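Okay, structure first, notes after.
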Amino acid sequence: MMQKNKFQISNIFRNQIFIPLAALILLALFNLIMDPSFFKITMGQNAAGNPVLSGYLITILDYGSELAILAIGMTLVTAASGGQDISVGAGIAITGSVILRMLCGRNSRPDELQMPIICAFLIAVLAGMLAGAFNGMLVAWFKIQPMVATLILFTAGRSIAAWINNNELPIVSEPSFGYYGNFIPGIPIPTPFFIAVAVMIVTALLLKFTNLGLYVQAVGINAKSSRLNGLNPTFIKFLTFVLLGVCVAVAGLIKVSRLSTINYSVVAKDIEMDAILAVALGGNSLSGGKFNMTASIIGAYVIQFLTTTLYKFNVKSTALPAYKAIVVILLVVFSAPVVREYISAKWKQIRSTEKIAKEVA
């Protein structure tokens, strides 16, 4: 019976989802000890007089949802290409700017929308896919390292976003546009959470009823072997960047909907680091290969949990990247094959010593 329990405990520790769950529990315990009011949720009213839930946990659910959407696309890109897309923040600025341009037209302060919101969003999705296709082409066909390839849009993307709206800051006055990034009247839970759930369901169906997940992992593990097995590594890498572009467009809609306008230099600033960290915290190898989408999604909410906790304890926004960089370093070091092999060897040595001691006793 004891051996069976040990086997089950060992399986829990080996499960990839254990890493983000453990981090979540540690953060929850820290906040519970330091300030139990962190978990308080209250019912109030927003500016429109509608009932809404508020509290730190609601904030995590709200902003963590848009990060979870990005983590889904980033996981596929990382698994297939063995690299990361650092242009997602600039991509959000571009797609958000496209949405506003479509809704406002040539007048940055229109009295009424120039087209339906869904049409503006679909055009933004095409823009996001185009940006993803550009990055994917550089990575898949020109064999440029992903971070270097996406550095182009990372550098120029926000300028492109400003150019789309002639360097103006358009404002959408239609109240319904704000529902996507805030609350739907009568529903006290933030809308981004429902959007994230919808994206998760679509992703789950895509991975379940197609071979995309299998192909992405095969290409990430060994592109040459996958080619010998009839796959097209170039196209699969390209496709993952395009899919990330779709996720970027969804996040772009949420971002511009929150304020019904955009600030090109600030919107989604440093969000690419959070998306990459979510993938790493999910236990996924940053060098590509096997991935666990559920772990990445949980990792996204854990990162937002960490961000909210730091804000709660008055850590300056300028210092946040430093704390997150420390987490990235630790995750990368512990996920390195050399470190894992060393820990595994030490663990086997300890188990072997315990076994010998029991036999002697």
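Identifiers for the structure tokens are assigned positionally: chains receive A, B, ... in sequence, residues are indexed from 1 per chain, and ligands are indexed from 1 in the order shown.
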Using only C-alpha atoms, what table do you get, as a Markdown table, when you list each residue of range 162-250 of chain A with an atom no more than 8 Å from range 120-139 of chain A, its nearest pair of atoms, and their distance in Å rounded to one decimal, rows by chain then rising number?
```
| residue | atom | partner | partner_atom | distance |
| --- | --- | --- | --- | --- |
| A:Lys237 | CA | A:Gly136 | CA | 6.6 |
| A:Phe238 | CA | A:Gly136 | CA | 4.3 |
| A:Leu239 | CA | A:Gly136 | CA | 7.3 |
| A:Thr240 | CA | A:Gly136 | CA | 7.7 |
| A:Phe241 | CA | A:Gly132 | CA | 4.8 |
| A:Val242 | CA | A:Gly132 | CA | 4.4 |
| A:Leu243 | CA | A:Met129 | CA | 7.0 |
| A:Leu244 | CA | A:Gly132 | CA | 6.6 |
| A:Gly245 | CA | A:Gly128 | CA | 4.3 |
| A:Val246 | CA | A:Val125 | CA | 5.5 |
| A:Val248 | CA | A:Gly128 | CA | 6.3 |
| A:Ala249 | CA | A:Val125 | CA | 5.1 |
| A:Val250 | CA | A:Val125 | CA | 7.4 |
```
Kindly save the residues from that selection, with C-alpha atoms included, as a PDB file, in the first residue's frame.
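Below is the file that was written, part38.pdb:
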```pdb
ATOM      1  CA  LYS A 237       5.897  26.376 -38.219  1.00  0.00           C
ATOM      2  CA  PHE A 238       4.339  28.979 -40.489  1.00  0.00           C
ATOM      3  CA  LEU A 239       0.832  27.905 -39.423  1.00  0.00           C
ATOM      4  CA  THR A 240       1.596  28.274 -35.703  1.00  0.00           C
ATOM      5  CA  PHE A 241       2.632  31.897 -36.208  1.00  0.00           C
ATOM      6  CA  VAL A 242      -0.574  32.568 -38.147  1.00  0.00           C
ATOM      7  CA  LEU A 243      -2.636  31.018 -35.333  1.00  0.00           C
ATOM      8  CA  LEU A 244      -0.781  33.185 -32.822  1.00  0.00           C
ATOM      9  CA  GLY A 245      -1.780  36.150 -34.992  1.00  0.00           C
ATOM     10  CA  VAL A 246      -5.441  35.209 -34.474  1.00  0.00           C
ATOM     11  CA  VAL A 248      -3.194  38.498 -30.886  1.00  0.00           C
ATOM     12  CA  ALA A 249      -6.231  39.964 -32.696  1.00  0.00           C
ATOM     13  CA  VAL A 250      -8.585  38.654 -29.988  1.00  0.00           C
TER      14      VAL A 250
END
```
request  = Compile the contact shell of Ala268 in chain A as a PyMOL selection string: residues with an atom at most 7 Å away, counting only C-alpha atoms, same-chain residues fewer than 2 positions apart removed.
outcome  = chain A and resi 89+92+266+270-271
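Closest approach to Asn263 in chain A among A:Thr59, A:Ser87, A:Asn165, A:Thr75 is made by A:Asn165 (distances from only C-alpha atoms).
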ask   = Between A:Val279, A:Leu259, A:Leu212, A:Ala162, which one has atoms that come closest to Val98 in chain A, using only C-alpha atoms?
value =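 Between A:Val279, A:Leu259, A:Leu212, A:Ala162, the residue approaching Val98 in chain A most closely is A:Ala162.
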List the spatial neighbours of Ala22 in chain A as a tab-separated table (two decimals) with C-alpha atoms, in the first residue's frame - criterion: any atom at most 12 Å away, only C-alpha atoms, same-chain residues fewer than 4 positions off excluded.
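The resulting file, selection.tsv, is reproduced below:
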```tsv
chain	number	residue	atom	x	y	z
A	12	ILE	CA	1.98	13.85	-9.24
A	13	PHE	CA	5.42	15.44	-9.05
A	15	ASN	CA	3.03	15.65	-14.03
A	16	GLN	CA	3.76	18.79	-16.03
A	17	ILE	CA	0.75	20.60	-14.60
A	18	PHE	CA	2.25	20.29	-11.09
A	26	LEU	CA	2.54	29.21	-3.05
A	27	LEU	CA	1.22	32.60	-4.17
A	28	ALA	CA	-2.15	31.92	-2.55
A	29	LEU	CA	-0.52	30.93	0.76
A	281	LEU	CA	5.77	28.22	-16.04
A	282	GLY	CA	3.53	25.62	-17.65
A	283	GLY	CA	6.56	23.33	-17.75
A	295	ALA	CA	-0.48	23.98	-18.06
A	298	ILE	CA	-2.89	27.93	-15.78
A	299	GLY	CA	0.57	29.47	-16.04
A	302	VAL	CA	-0.42	32.41	-12.22
```
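Here CA of Ala140 in chain A is placed at a distance of 4.9 Å from CA of Thr234 in chain A.
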request  = For range 33-38 of chain A, please output as a ChimeraX atom specification all residues within 9 Å (counting only C-alpha atoms; exclusion window: fewer than 3 positions along the same chain).
outcome  = /A:28-30,41,55-57,309,312
Can you spit out the residues from that selection as a PDB file, in the first residue's frame, using N, CA and C atoms?
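This went into result-v7.pdb:
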```pdb
ATOM      1  N   ALA A  28      -0.926  31.828  -3.355  1.00  0.00           N
ATOM      2  CA  ALA A  28      -2.149  31.920  -2.555  1.00  0.00           C
ATOM      3  C   ALA A  28      -1.823  31.893  -1.063  1.00  0.00           C
ATOM      4  N   LEU A  29      -0.919  31.015  -0.650  1.00  0.00           N
ATOM      5  CA  LEU A  29      -0.519  30.929   0.759  1.00  0.00           C
ATOM      6  C   LEU A  29       0.167  32.213   1.211  1.00  0.00           C
ATOM      7  N   PHE A  30       1.022  32.754   0.343  1.00  0.00           N
ATOM      8  CA  PHE A  30       1.724  34.004   0.674  1.00  0.00           C
ATOM      9  C   PHE A  30       0.725  35.132   0.945  1.00  0.00           C
ATOM     10  N   ILE A  41     -14.062  39.336  -2.243  1.00  0.00           N
ATOM     11  CA  ILE A  41     -14.790  39.698  -3.460  1.00  0.00           C
ATOM     12  C   ILE A  41     -16.078  40.404  -3.057  1.00  0.00           C
ATOM     13  N   GLY A  55     -12.518  42.975  -6.828  1.00  0.00           N
ATOM     14  CA  GLY A  55     -11.573  42.366  -5.897  1.00  0.00           C
ATOM     15  C   GLY A  55     -10.342  41.922  -6.657  1.00  0.00           C
ATOM     16  N   TYR A  56      -9.306  41.587  -5.919  1.00  0.00           N
ATOM     17  CA  TYR A  56      -8.054  41.185  -6.566  1.00  0.00           C
ATOM     18  C   TYR A  56      -8.230  39.915  -7.391  1.00  0.00           C
ATOM     19  N   LEU A  57      -9.029  38.973  -6.918  1.00  0.00           N
ATOM     20  CA  LEU A  57      -9.241  37.727  -7.668  1.00  0.00           C
ATOM     21  C   LEU A  57      -9.969  37.996  -8.987  1.00  0.00           C
ATOM     22  N   THR A 309      -0.260  40.510  -7.183  1.00  0.00           N
ATOM     23  CA  THR A 309       0.329  40.464  -5.838  1.00  0.00           C
ATOM     24  C   THR A 309       1.400  41.539  -5.669  1.00  0.00           C
ATOM     25  N   LYS A 312      -0.234  44.774  -5.359  1.00  0.00           N
ATOM     26  CA  LYS A 312      -0.893  44.857  -4.052  1.00  0.00           C
ATOM     27  C   LYS A 312       0.081  45.336  -2.976  1.00  0.00           C
TER      28      LYS A 312
END
```
query = What are the DSSP strand (DSSP E) residues of range 13-193 of chain A, as a PyMOL selection string?
reply = chain A and resi 42-45+51-54
request  = Determine, counting only C-alpha atoms, which protein, DNA and RNA residues have an atom within 9 Å of an atom of Asp274 in chain A; residues of the same chain fewer than 4 positions away are not included. Present the result as a list in words.
outcome  =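 Listing them by chain and then by number gives Leu67, Ala71, Asp270, Ala278, Val279, Ala300, Ile303, Gln304 and Lys324 of chain A.
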May I have the residues from that selection written out with N, CA and C atoms, as a short mmCIF file (atom, residue, chain, number, x, y, z; two decimals), in the first residue's frame?
```cif
data_model
loop_
_atom_site.label_atom_id
_atom_site.label_comp_id
_atom_site.auth_asym_id
_atom_site.auth_seq_id
_atom_site.Cartn_x
_atom_site.Cartn_y
_atom_site.Cartn_z
N LEU A 67 -4.15 37.25 -21.19
CA LEU A 67 -2.82 36.64 -21.20
C LEU A 67 -2.92 35.15 -21.55
N ALA A 71 -1.12 33.06 -24.44
CA ALA A 71 -0.32 31.88 -24.07
C ALA A 71 -0.66 30.68 -24.95
N ASP A 270 5.20 45.10 -22.74
CA ASP A 270 5.87 43.99 -22.05
C ASP A 270 5.00 42.74 -21.90
N ALA A 278 4.42 32.51 -19.11
CA ALA A 278 3.29 31.59 -18.89
C ALA A 278 3.58 30.23 -19.51
N VAL A 279 4.16 30.23 -20.70
CA VAL A 279 4.53 28.99 -21.38
C VAL A 279 5.60 28.24 -20.58
N ALA A 300 -0.60 31.21 -17.26
CA ALA A 300 -0.97 32.60 -17.57
C ALA A 300 -1.68 33.26 -16.38
N ILE A 303 0.83 33.96 -13.62
CA ILE A 303 1.62 35.17 -13.89
C ILE A 303 0.83 36.41 -13.53
N GLN A 304 -0.46 36.42 -13.88
CA GLN A 304 -1.29 37.56 -13.50
C GLN A 304 -1.48 37.62 -12.00
N LYS A 324 9.92 39.45 -12.67
CA LYS A 324 9.53 38.41 -13.62
C LYS A 324 10.75 37.81 -14.31
#
```
What are the closest atom pairs, with distances in Å to one decimal, for all residues of range 226-309 of chain A lying within 6 Å of range 217-222 of chain A? Consider only C-alpha atoms, order rows by chain and residue number, and present the result as JSON lines.
```
{"residue": "A:Ser226", "atom": "CA", "partner": "A:Val219", "partner_atom": "CA", "distance": 5.7}
{"residue": "A:Pro233", "atom": "CA", "partner": "A:Val219", "partner_atom": "CA", "distance": 5.7}
{"residue": "A:Gly288", "atom": "CA", "partner": "A:Gly220", "partner_atom": "CA", "distance": 4.8}
{"residue": "A:Gly289", "atom": "CA", "partner": "A:Gly220", "partner_atom": "CA", "distance": 4.1}
{"residue": "A:Lys290", "atom": "CA", "partner": "A:Gln217", "partner_atom": "CA", "distance": 5.0}
```
task = Work out how far apart CA of Tyr264 in chain A and CA of Ala198 in chain A are and give it in Å to one decimal.
result = 27.2 Å
request  = Determine which residues of range 94-203 of chain A receive a DSSP assignment of alpha helix (DSSP H), computed from the backbone, and state them as a ChimeraX atom specification.
outcome  = /A:94-104,117-140,146-149,151-164,191-203
